[in-house]
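Engineer: Contents are JSON, C-alpha atoms and all ligand atoms; file name structure_27.json:
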```
[["chain", "number", "residue", "atom", "x", "y", "z"],
["W", 21, "MET", "CA", 53.11, 4.08, 44.73],
["W", 22, "ILE", "CA", 53.61, 3.16, 41.08],
["W", 23, "ASP", "CA", 56.36, 5.19, 39.45],
["W", 24, "ILE", "CA", 56.10, 4.73, 35.67],
["W", 25, "LYS", "CA", 59.44, 6.46, 35.20],
["W", 26, "THR", "CA", 61.07, 3.24, 36.44],
["W", 27, "HIS", "CA", 59.99, 1.37, 33.27],
["W", 28, "PRO", "CA", 63.30, 0.61, 31.53],
["W", 29, "CYS", "CA", 61.70, 0.02, 28.11],
["W", 30, "PHE", "CA", 60.01, 3.44, 28.05],
["W", 31, "ASN", "CA", 62.59, 5.54, 29.88],
["W", 32, "LYS", "CA", 66.17, 5.40, 28.70],
["W", 33, "ASP", "CA", 67.41, 6.76, 32.04],
["W", 34, "ALA", "CA", 65.89, 3.77, 33.85],
["W", 35, "LYS", "CA", 67.55, 1.25, 31.52],
["W", 36, "GLY", "CA", 70.63, 0.37, 33.57],
["W", 37, "LYS", "CA", 68.91, 0.84, 36.94],
["W", 38, "TYR", "CA", 65.61, -1.02, 36.95],
["W", 39, "ALA", "CA", 64.86, -4.62, 36.04],
["W", 40, "ARG", "CA", 61.80, -6.14, 34.40],
["W", 41, "VAL", "CA", 60.47, -9.66, 34.21],
["W", 42, "HIS", "CA", 58.25, -11.33, 31.66],
["W", 43, "LEU", "CA", 55.95, -13.93, 33.16],
["W", 44, "PRO", "CA", 55.45, -16.72, 30.58],
["W", 45, "VAL", "CA", 51.83, -17.57, 31.45],
["W", 46, "ALA", "CA", 50.22, -17.29, 27.98],
["W", 47, "PRO", "CA", 51.09, -20.25, 25.72],
["W", 48, "GLN", "CA", 48.29, -20.10, 23.11],
["W", 49, "CYS", "CA", 47.88, -17.68, 20.23],
["W", 50, "ASN", "CA", 44.72, -16.55, 18.43],
["W", 51, "ILE", "CA", 46.38, -15.58, 15.14],
["W", 52, "HIS", "CA", 49.10, -17.05, 12.97],
["W", 53, "CYS", "CA", 51.71, -14.58, 11.75],
["W", 54, "ASN", "CA", 53.63, -15.83, 8.74],
["W", 55, "TYR", "CA", 56.91, -14.86, 10.40],
["W", 56, "CYS", "CA", 56.24, -16.99, 13.48],
["W", 57, "LYS", "CA", 57.03, -20.60, 14.17],
["W", 58, "ARG", "CA", 54.93, -21.93, 16.98],
["W", 59, "ASP", "CA", 57.73, -23.77, 18.81],
["W", 60, "TYR", "CA", 59.22, -20.35, 19.42],
["W", 61, "ASP", "CA", 58.37, -17.32, 21.51],
["W", 62, "CYS", "CA", 56.07, -14.64, 20.20],
["W", 63, "VAL", "CA", 58.08, -12.10, 18.25],
["W", 64, "ASN", "CA", 55.75, -9.39, 19.53],
["W", 65, "GLU", "CA", 58.33, -8.83, 22.21],
["W", 66, "SER", "CA", 60.82, -11.55, 21.76],
["W", 67, "ARG", "CA", 63.61, -13.01, 19.74],
["W", 68, "PRO", "CA", 62.53, -16.10, 17.83],
["W", 69, "GLY", "CA", 64.49, -19.28, 18.37],
["W", 70, "VAL", "CA", 64.10, -19.78, 22.08],
["W", 71, "THR", "CA", 61.40, -21.57, 23.98],
["W", 72, "SER", "CA", 60.34, -20.83, 27.55],
["W", 73, "GLU", "CA", 58.81, -22.57, 30.52],
["W", 74, "VAL", "CA", 55.11, -21.91, 30.89],
["W", 75, "LEU", "CA", 53.94, -20.98, 34.40],
["W", 76, "THR", "CA", 50.52, -21.06, 36.05],
["W", 77, "PRO", "CA", 49.39, -17.74, 37.59],
["W", 78, "GLU", "CA", 50.24, -19.07, 41.07],
["W", 79, "GLN", "CA", 53.71, -20.15, 39.94],
["W", 80, "ALA", "CA", 54.16, -16.76, 38.32],
["W", 81, "LEU", "CA", 53.38, -15.06, 41.64],
["W", 82, "ALA", "CA", 55.81, -17.31, 43.52],
["W", 83, "TYR", "CA", 58.44, -16.55, 40.88],
["W", 84, "THR", "CA", 57.92, -12.78, 41.17],
["W", 85, "ILE", "CA", 58.12, -12.90, 44.98],
["W", 86, "ARG", "CA", 61.45, -14.74, 44.80],
["W", 87, "LEU", "CA", 62.77, -12.39, 42.13],
["W", 88, "ARG", "CA", 61.85, -9.28, 44.12],
["W", 89, "GLU", "CA", 63.74, -10.66, 47.14],
["W", 90, "ARG", "CA", 66.75, -11.17, 44.91],
["W", 91, "MET", "CA", 66.33, -7.98, 42.87],
["W", 92, "PRO", "CA", 64.85, -5.10, 44.87],
["W", 93, "ASN", "CA", 65.17, -2.98, 41.70],
["W", 94, "LEU", "CA", 62.60, -5.17, 39.88],
["W", 95, "SER", "CA", 60.11, -2.51, 38.85],
["W", 96, "VAL", "CA", 58.15, -3.98, 35.91],
["W", 97, "VAL", "CA", 56.17, -7.18, 35.45],
["W", 98, "GLY", "CA", 55.20, -7.80, 31.84],
["W", 99, "ILE", "CA", 53.27, -10.56, 30.08],
["W", 100, "ALA", "CA", 54.32, -11.10, 26.48],
["W", 101, "GLY", "CA", 53.63, -14.71, 25.63],
["W", 102, "PRO", "CA", 55.05, -17.08, 24.63],
["W", 103, "GLY", "CA", 51.74, -16.87, 22.68],
["W", 104, "ASP", "CA", 49.40, -13.90, 23.17],
["W", 105, "PRO", "CA", 48.22, -12.70, 26.61],
["W", 106, "PHE", "CA", 44.62, -12.34, 25.43],
["W", 107, "ALA", "CA", 44.47, -15.71, 23.71],
["W", 108, "ASN", "CA", 44.87, -16.85, 27.34],
["W", 109, "PRO", "CA", 42.80, -14.19, 29.10],
["W", 110, "ILE", "CA", 41.99, -16.28, 32.20],
["W", 111, "GLN", "CA", 45.66, -16.94, 32.96],
["W", 112, "THR", "CA", 46.70, -13.40, 32.06],
["W", 113, "MET", "CA", 44.08, -11.61, 34.14],
["W", 114, "LYS", "CA", 44.50, -13.94, 37.11],
["W", 115, "THR", "CA", 48.26, -13.35, 37.05],
["W", 116, "LEU", "CA", 47.79, -9.58, 36.91],
["W", 117, "HIS", "CA", 45.38, -9.68, 39.88],
["W", 118, "LEU", "CA", 47.76, -11.84, 41.95],
["W", 119, "ILE", "CA", 50.71, -9.58, 41.20],
["W", 120, "ARG", "CA", 48.80, -6.36, 41.86],
["W", 121, "ASN", "CA", 47.50, -7.68, 45.23],
["W", 122, "GLU", "CA", 51.02, -8.56, 46.32],
["W", 123, "PHE", "CA", 52.92, -5.59, 44.85],
["W", 124, "THR", "CA", 51.03, -2.31, 44.92],
["W", 125, "ASP", "CA", 54.06, -0.49, 43.47],
["W", 126, "MET", "CA", 54.78, -2.76, 40.49],
["W", 127, "VAL", "CA", 54.54, -1.29, 36.98],
["W", 128, "LEU", "CA", 52.40, -3.70, 34.93],
["W", 129, "CYS", "CA", 52.99, -4.08, 31.19],
["W", 130, "LEU", "CA", 51.47, -6.23, 28.44],
["W", 131, "SER", "CA", 52.28, -6.98, 24.85],
["W", 132, "SER", "CA", 49.60, -8.30, 22.50],
["W", 133, "ASN", "CA", 48.61, -8.66, 18.87],
["W", 134, "GLY", "CA", 45.50, -6.66, 19.86],
["W", 135, "LEU", "CA", 42.85, -9.09, 18.57],
["W", 136, "ASN", "CA", 41.18, -9.65, 21.95],
["W", 137, "VAL", "CA", 42.27, -6.71, 24.12],
["W", 138, "LEU", "CA", 39.12, -4.56, 23.99],
["W", 139, "PRO", "CA", 36.94, -6.61, 26.42],
["W", 140, "TYR", "CA", 39.63, -6.29, 29.11],
["W", 141, "VAL", "CA", 40.52, -2.60, 28.93],
["W", 142, "ASP", "CA", 38.33, -1.52, 31.90],
["W", 143, "GLU", "CA", 39.78, -4.28, 34.07],
["W", 144, "LEU", "CA", 43.32, -3.35, 32.99],
["W", 145, "LYS", "CA", 42.62, 0.21, 34.06],
["W", 146, "GLU", "CA", 41.33, -0.96, 37.47],
["W", 147, "LEU", "CA", 44.49, -3.02, 37.89],
["W", 148, "GLU", "CA", 46.53, 0.07, 37.06],
["W", 149, "VAL", "CA", 48.23, -1.59, 34.10],
["W", 150, "SER", "CA", 50.16, 1.39, 32.77],
["W", 151, "HIS", "CA", 51.80, 0.16, 29.54],
["W", 152, "VAL", "CA", 50.41, -1.91, 26.66],
["W", 153, "THR", "CA", 52.14, -2.77, 23.40],
["W", 154, "ILE", "CA", 50.09, -3.66, 20.33],
["W", 155, "THR", "CA", 51.87, -5.26, 17.39],
["W", 156, "ILE", "CA", 50.33, -3.70, 14.30],
["W", 157, "ASN", "CA", 51.93, -4.20, 10.91],
["W", 158, "GLY", "CA", 49.91, -1.91, 8.63],
["W", 159, "THR", "CA", 46.46, -0.56, 7.83],
["W", 160, "ASN", "CA", 45.90, -2.00, 4.36],
["W", 161, "THR", "CA", 44.05, -5.31, 4.54],
["W", 162, "GLU", "CA", 45.49, -6.59, 1.26],
["W", 163, "THR", "CA", 49.03, -6.09, 2.58],
["W", 164, "LEU", "CA", 48.09, -7.49, 5.96],
["W", 165, "SER", "CA", 46.59, -10.61, 4.37],
["W", 166, "LYS", "CA", 50.13, -11.49, 3.23],
["W", 167, "LEU", "CA", 51.38, -11.36, 6.81],
["W", 168, "TYR", "CA", 48.84, -13.59, 8.53],
["W", 169, "LYS", "CA", 47.86, -17.17, 7.78],
["W", 170, "TRP", "CA", 44.71, -17.11, 9.89],
["W", 171, "VAL", "CA", 42.90, -15.33, 12.70],
["W", 172, "ARG", "CA", 40.66, -17.07, 15.24],
["W", 173, "PHE", "CA", 38.05, -14.80, 16.76],
["W", 174, "GLU", "CA", 34.97, -15.69, 18.83],
["W", 175, "LYS", "CA", 35.45, -19.40, 18.09],
["W", 176, "ARG", "CA", 35.58, -18.95, 14.28],
["W", 177, "GLY", "CA", 38.56, -19.13, 11.96],
["W", 178, "TYR", "CA", 39.15, -16.48, 9.28],
["W", 179, "PHE", "CA", 41.59, -16.33, 6.36],
["W", 180, "GLY", "CA", 42.91, -13.82, 3.82],
["W", 181, "GLU", "CA", 41.57, -10.28, 3.78],
["W", 182, "GLN", "CA", 38.67, -11.14, 6.04],
["W", 183, "ALA", "CA", 41.11, -12.26, 8.74],
["W", 184, "ALA", "CA", 43.23, -9.15, 8.22],
["W", 185, "SER", "CA", 40.23, -6.86, 8.43],
["W", 186, "ILE", "CA", 38.94, -8.38, 11.72],
["W", 187, "LEU", "CA", 42.41, -8.16, 13.25],
["W", 188, "LEU", "CA", 42.92, -4.56, 12.12],
["W", 189, "LYS", "CA", 39.48, -3.41, 13.31],
["W", 190, "ASN", "CA", 40.07, -4.94, 16.74],
["W", 191, "GLN", "CA", 43.58, -3.51, 17.01],
["W", 192, "LEU", "CA", 42.36, 0.01, 16.23],
["W", 193, "GLU", "CA", 39.46, -0.28, 18.68],
["W", 194, "ALA", "CA", 41.81, -1.61, 21.36],
["W", 195, "ILE", "CA", 44.25, 1.27, 20.87],
["W", 196, "ARG", "CA", 41.46, 3.87, 21.08],
["W", 197, "ALA", "CA", 40.07, 2.29, 24.27],
["W", 198, "LEU", "CA", 43.50, 1.97, 25.88],
["W", 199, "LYS", "CA", 44.20, 5.63, 25.23],
["W", 200, "ARG", "CA", 40.78, 6.61, 26.62],
["W", 201, "ALA", "CA", 41.78, 4.65, 29.73],
["W", 202, "GLY", "CA", 44.95, 6.73, 30.05],
["W", 203, "ILE", "CA", 47.29, 3.82, 29.32],
["W", 204, "THR", "CA", 50.64, 4.37, 27.58],
["W", 205, "VAL", "CA", 50.52, 2.55, 24.22],
["W", 206, "LYS", "CA", 53.48, 1.42, 22.17],
["W", 207, "ALA", "CA", 52.98, 0.27, 18.58],
["W", 208, "ASN", "CA", 55.25, -2.57, 17.54],
["W", 209, "THR", "CA", 55.75, -3.18, 13.85],
["W", 210, "ILE", "CA", 57.58, -6.06, 12.21],
["W", 211, "VAL", "CA", 59.26, -4.75, 9.06],
["W", 212, "VAL", "CA", 58.98, -7.27, 6.22],
["W", 213, "PRO", "CA", 60.85, -6.03, 3.14],
["W", 214, "GLY", "CA", 58.73, -6.05, -0.01],
["W", 215, "ILE", "CA", 55.52, -6.42, 1.98],
["W", 216, "ASN", "CA", 55.02, -3.62, 4.51],
["W", 217, "ASP", "CA", 58.28, -1.62, 4.57],
["W", 218, "ASN", "CA", 56.85, 1.12, 2.31],
["W", 219, "ALA", "CA", 53.86, 1.61, 4.58],
["W", 220, "VAL", "CA", 55.60, 1.85, 7.96],
["W", 221, "VAL", "CA", 55.99, 5.64, 8.01],
["W", 222, "ASP", "CA", 52.32, 6.15, 7.04],
["W", 223, "LEU", "CA", 51.41, 3.72, 9.79],
["W", 224, "ALA", "CA", 53.30, 5.92, 12.27],
["W", 225, "ALA", "CA", 51.19, 8.89, 11.14],
["W", 226, "GLU", "CA", 47.99, 6.86, 11.66],
["W", 227, "MET", "CA", 49.17, 5.73, 15.10],
["W", 228, "LYS", "CA", 49.87, 9.31, 16.12],
["W", 229, "LYS", "CA", 46.29, 10.24, 15.21],
["W", 230, "LEU", "CA", 45.09, 7.56, 17.63],
["W", 231, "GLY", "CA", 47.26, 8.93, 20.43],
["W", 232, "VAL", "CA", 49.88, 6.16, 20.41],
["W", 233, "ASP", "CA", 52.90, 7.23, 22.46],
["W", 234, "ILE", "CA", 55.89, 5.50, 20.89],
["W", 235, "MET", "CA", 56.69, 3.17, 17.99],
["W", 236, "ASN", "CA", 59.06, 0.26, 17.88],
["W", 237, "THR", "CA", 60.06, -1.23, 14.54],
["W", 238, "ILE", "CA", 61.44, -4.75, 14.60],
["W", 239, "PRO", "CA", 63.31, -6.11, 11.57],
["W", 240, "LEU", "CA", 61.97, -9.41, 10.23],
["W", 241, "TYR", "CA", 63.97, -12.36, 11.49],
["W", 242, "PRO", "CA", 63.47, -15.02, 8.81],
["W", 243, "VAL", "CA", 62.79, -18.29, 10.64],
["W", 244, "GLU", "CA", 63.24, -21.66, 8.92],
["W", 245, "GLY", "CA", 59.97, -23.45, 8.23],
["W", 246, "THR", "CA", 57.94, -20.24, 7.88],
["W", 247, "PRO", "CA", 56.68, -18.69, 4.60],
["W", 248, "PHE", "CA", 59.26, -15.93, 5.10],
["W", 249, "GLU", "CA", 62.25, -18.20, 5.60],
["W", 250, "ASP", "CA", 63.89, -17.03, 2.34],
["W", 251, "PHE", "CA", 63.20, -13.35, 2.86],
["W", 252, "GLU", "CA", 66.11, -11.04, 3.47],
["W", 253, "GLU", "CA", 66.38, -9.37, 6.83],
["W", 254, "PRO", "CA", 65.93, -5.59, 6.55],
["W", 255, "SER", "CA", 69.34, -3.94, 6.47],
["W", 256, "PRO", "CA", 70.44, -1.65, 9.32],
["W", 257, "GLU", "CA", 70.33, 1.22, 6.76],
["W", 258, "MET", "CA", 66.69, 0.46, 5.91],
["W", 259, "MET", "CA", 65.79, 0.36, 9.61],
["W", 260, "LYS", "CA", 67.64, 3.63, 10.22],
["W", 261, "GLU", "CA", 65.79, 5.34, 7.37],
["W", 262, "LEU", "CA", 62.44, 4.04, 8.59],
["W", 263, "ARG", "CA", 63.10, 5.27, 12.13],
["W", 264, "LYS", "CA", 64.02, 8.66, 10.70],
["W", 265, "GLY", "CA", 60.66, 8.78, 8.89],
["W", 266, "ILE", "CA", 58.75, 7.60, 11.95],
["W", 267, "LYS", "CA", 60.36, 10.36, 14.01],
["W", 268, "GLU", "CA", 58.40, 12.90, 11.99],
["W", 269, "HIS", "CA", 55.29, 11.53, 13.68],
["W", 270, "LEU", "CA", 56.16, 9.57, 16.82],
["W", 271, "PRO", "CA", 59.18, 8.96, 19.01],
["W", 272, "PRO", "CA", 60.82, 5.77, 17.74],
["W", 273, "MET", "CA", 61.97, 3.32, 20.38],
["W", 274, "THR", "CA", 65.73, 3.20, 20.18],
["W", 275, "HIS", "CA", 66.78, 0.76, 22.87],
["W", 276, "CYS", "CA", 64.55, -2.27, 22.34],
["W", 277, "SER", "CA", 66.36, -5.50, 23.16],
["W", 278, "ARG", "CA", 63.91, -7.97, 21.53],
["W", 279, "CYS", "CA", 63.32, -9.68, 24.85],
["W", 280, "ARG", "CA", 62.21, -13.28, 25.21],
["W", 281, "ALA", "CA", 58.81, -14.11, 26.72],
["W", 282, "ASP", "CA", 60.67, -15.19, 29.87],
["W", 283, "ALA", "CA", 63.18, -12.29, 29.91],
["W", 284, "VAL", "CA", 64.32, -11.18, 33.35],
["W", 285, "GLY", "CA", 66.81, -8.64, 34.66],
["W", 286, "LEU", "CA", 68.12, -5.37, 33.28],
["W", 287, "LEU", "CA", 67.26, -4.68, 29.62],
["W", 288, "GLY", "CA", 69.84, -6.37, 27.41],
["W", 289, "LYS", "CA", 71.47, -7.99, 30.43],
["W", 290, "ASP", "CA", 69.38, -10.95, 31.50],
["W", 291, "ASP", "CA", 70.00, -12.42, 34.94],
["W", 292, "PRO", "CA", 71.21, -16.01, 34.35],
["W", 293, "GLU", "CA", 70.48, -17.13, 37.93],
["W", 294, "ALA", "CA", 66.86, -16.12, 37.60],
["W", 295, "LYS", "CA", 66.51, -18.88, 34.98],
["W", 296, "GLN", "CA", 67.22, -21.39, 37.74],
["W", 297, "ILE", "CA", 64.45, -19.86, 39.86],
["W", 298, "LEU", "CA", 62.11, -20.06, 36.84],
["W", 299, "SER", "CA", 62.88, -23.71, 36.42],
["W", 300, "GLU", "CA", 62.34, -24.37, 40.16],
["W", 301, "VAL", "CA", 58.98, -22.59, 40.35],
["W", 302, "SER", "CA", 57.75, -24.36, 37.20],
["W", 303, "LYS", "CA", 57.95, -27.60, 39.21],
["W", 304, "LEU", "CA", 55.96, -26.29, 42.20],
["K", 401, "LIG", "FE1", 56.81, -4.41, 28.48],
["K", 401, "LIG", "FE2", 57.80, -5.07, 26.11],
["K", 401, "LIG", "FE3", 59.39, -4.05, 27.95],
["K", 401, "LIG", "FE4", 58.42, -6.48, 28.22],
["K", 401, "LIG", "S1", 59.87, -5.76, 26.65],
["K", 401, "LIG", "S2", 58.52, -4.99, 29.81],
["K", 401, "LIG", "S3", 56.34, -6.25, 27.38],
["K", 401, "LIG", "S4", 57.69, -3.02, 26.92],
["K", 402, "LIG", "FE1", 53.46, -15.89, 16.83],
["K", 402, "LIG", "FE2", 53.11, -13.76, 18.38],
["K", 402, "LIG", "FE3", 52.14, -13.79, 15.89],
["K", 402, "LIG", "FE4", 51.03, -15.27, 17.80],
["K", 402, "LIG", "S1", 51.06, -13.01, 17.72],
["K", 402, "LIG", "S2", 51.53, -15.97, 15.72],
["K", 402, "LIG", "S3", 52.81, -15.96, 18.98],
["K", 402, "LIG", "S4", 54.30, -13.81, 16.47]]
```
Can you turn what I pasted into structure tokens?
Structural biologist:
Amino acid sequence: MIDIKTHPCFNKDAKGKYARVHLPVAPQCNIHCNYCKRDYDCVNESRPGVTSEVLTPEQALAYTIRLRERMPNLSVVGIAGPGDPFANPIQTMKTLHLIRNEFTDMVLCLSSNGLNVLPYVDELKELEVSHVTITINGTNTETLSKLYKWVRFEKRGYFGEQAASILLKNQLEAIRALKRAGITVKANTIVVPGINDNAVVDLAAEMKKLGVDIMNTIPLYPVEGTPFEDFEEPSPEMMKELRKGIKEHLPPMTHCSRCRADAVGLLGKDDPEAKQILSEVSKL
């Protein structure tokens, strides 16, 4: 039986008890965020500056089987990149099917930019995926156009406000459909000072209207070689104030560890030996 209370990211009490693993099966991305450098992991759920192995779905299953033997408290399998799960839907869905067939009790979790989630919501429900994170950075297309370089959707490339508007429309539709399917939805927002910081609290209010369950704000991490390399990181005070404002509308996530796309172990306490297993299965 799946016990969603064992998800350490969504239940503080499960944090030191249950482990999660990210399966790095999704290397491509279908958008280009201006805060992202492609040699790095997706900052949807990860800390920039570290690359990961990429596994095939079969390798990902072998990896999970070995991890479960080693860590009986492994309760959550997530897919969060290193690109976007739904820019690689074949690999993502195949991995989820393989894991669900093998582990009927595993909590399944995904993190996406939301551009291409909608076509898969029914299948996610059938697979009993219980948690999905959508990274959404605002609802004003002019603001959003400053955050994204391009969006690729249905084999066409889009730029500027047109790109922002397609992304936003798809994100909102995905969130509505996920909630109709009874899935827990977390909104992730990257706070970029001077661009979207003033709109984050209003975004929380909008997310509440859509039934979103929790909101996680992630301070911009300026990465060299990106358009935001010279931006200042939001101060801890700014983040604290924003979380206070968000709390008026939605529970803010307070114990996010900015996990890598190949994170494994307890939250904030990755298991170093599992990295060896990851490297071994990537050669299978
Ligand atoms: Fe899911 Fe994000 Fe937690 Fe990974 S870090 S298990 S994707 S909520
Ligand atoms: Fe990078 Fe993630 Fe944005 Fe894709 S969605 S460009 S991988 S931060």
Engineer: Nearest to ligand LIG 402 (chain K) among W:Ala281, W:Leu118, W:Met273, W:Ala224, with distances taken over all atoms listed in the file: which residue is it?
Structural biologist: W:Ala281
Engineer: Hey, can you check how far CA of Leu270 (chain W) sits from CA of Glu193 (chain W)?
Structural biologist: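 Between these atoms lies a distance of 19.5 Å.
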Engineer: Go through the chains and note each residue within 6 Å of ligand LIG 401 (chain K), using all atoms listed in the file, then give the set as a PyMOL selection string.
Structural biologist: chain W and resi 29+40+42+65+98-100+129-131+279
Engineer: Neighbouring residues of region 36-38 of chain W were defined as those with any atom within 9 Å, considering only C-alpha atoms; residues of the same chain fewer than 3 positions away were excluded. Please report them as number ranges by chain.
Structural biologist: W: 26-28, 32-33, 92-96, 285-287, 289
Engineer: Need the shell around Ser132 (chain W): protein/DNA/RNA residues with any atom at most 9 Å away, counting all atoms listed in the file. Skip same-chain ones fewer than 6 positions apart. Format as a PyMOL selection string?
Structural biologist: chain W and resi 64-65+99-101+103-106+152-155
Engineer: Pick out the residues sitting within 10 Å of Tyr83 (chain W), and hand them over as a ChimeraX atom specification; count only C-alpha atoms, and ignore anything fewer than 6 positions along from it in its own chain.
Structural biologist: /W:41,43,75,77,294,297-302
Engineer: Nearest to ligand LIG 402 (chain K) among W:Lys57, W:Lys228, W:Lys145, W:Lys267, with distances taken over all atoms listed in the file: which residue is it?
Structural biologist: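 Closest to ligand LIG 402 (chain K), using all atoms listed in the file: W:Lys57.
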Engineer: Could you tell me which of W:Phe123, W:Phe251, W:Tyr168, W:Tyr55 comes closest to Leu81 (chain W) if we count only C-alpha atoms?
Structural biologist: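 Using only C-alpha atoms, Leu81 (chain W) sits closest to W:Phe123.
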Engineer: Please report the interatomic distance between CA of Lys169 (chain W) and CA of His52 (chain W) in Å with one decimal.
Structural biologist: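 Taking CA of Lys169 (chain W) as the start and CA of His52 (chain W) as the end point, the length is 5.3 Å.
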Engineer: Leaving out Gly265 (chain W) and any residue of its chain fewer than 3 positions from it, which residues lie within 6 Å of it when counting all atoms listed in the file, given as JSON, numbers by chain?
Structural biologist: {"W": [221, 262, 268]}
Engineer: Quick one, how far is CA of Pro102 (chain W) from CA of Asn133 (chain W)?
Structural biologist: 12.1 Å
Engineer: Output, as lines of an AutoDock Vina configuration file, the centre and edge lengths in Å (one decimal) of the axis-aligned box that contains all listed atoms of region 192-200 of chain W with 6 Å of margin on each side.
Structural biologist:
```
center_x = 41.9
center_y = 2.5
center_z = 21.4
size_x = 16.8
size_y = 20.2
size_z = 22.4
```
Engineer: Have a look at W:Gly180, W:Gly134, W:Pro213, W:Pro109 and name the one nearest to ligand LIG 402 (chain K); count all atoms listed in the file.
Structural biologist: W:Gly134
Engineer: Name the residues in contact with Leu198 (chain W) at a cut-off of 12 Å, using only C-alpha atoms, excluding same-chain residues fewer than 5 positions from it; report them as a PyMOL selection string.
Structural biologist: chain W and resi 130+134+137-145+148-154+190-193+203-206+230-233
Engineer: Just checking: using all atoms listed in the file, which residue out of W:Gln79, W:Gln296, W:Gln48, W:Asn216 ends up closest to Glu162 (chain W)?
Structural biologist: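 So, comparing all the options, the nearest one is W:Asn216.
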Engineer: Which residue out of W:Ala39, W:Leu147, W:Val243, W:Ala34 has the minimum interatomic distance to ligand LIG 402 (chain K) when all atoms listed in the file are used?
Structural biologist: W:Val243
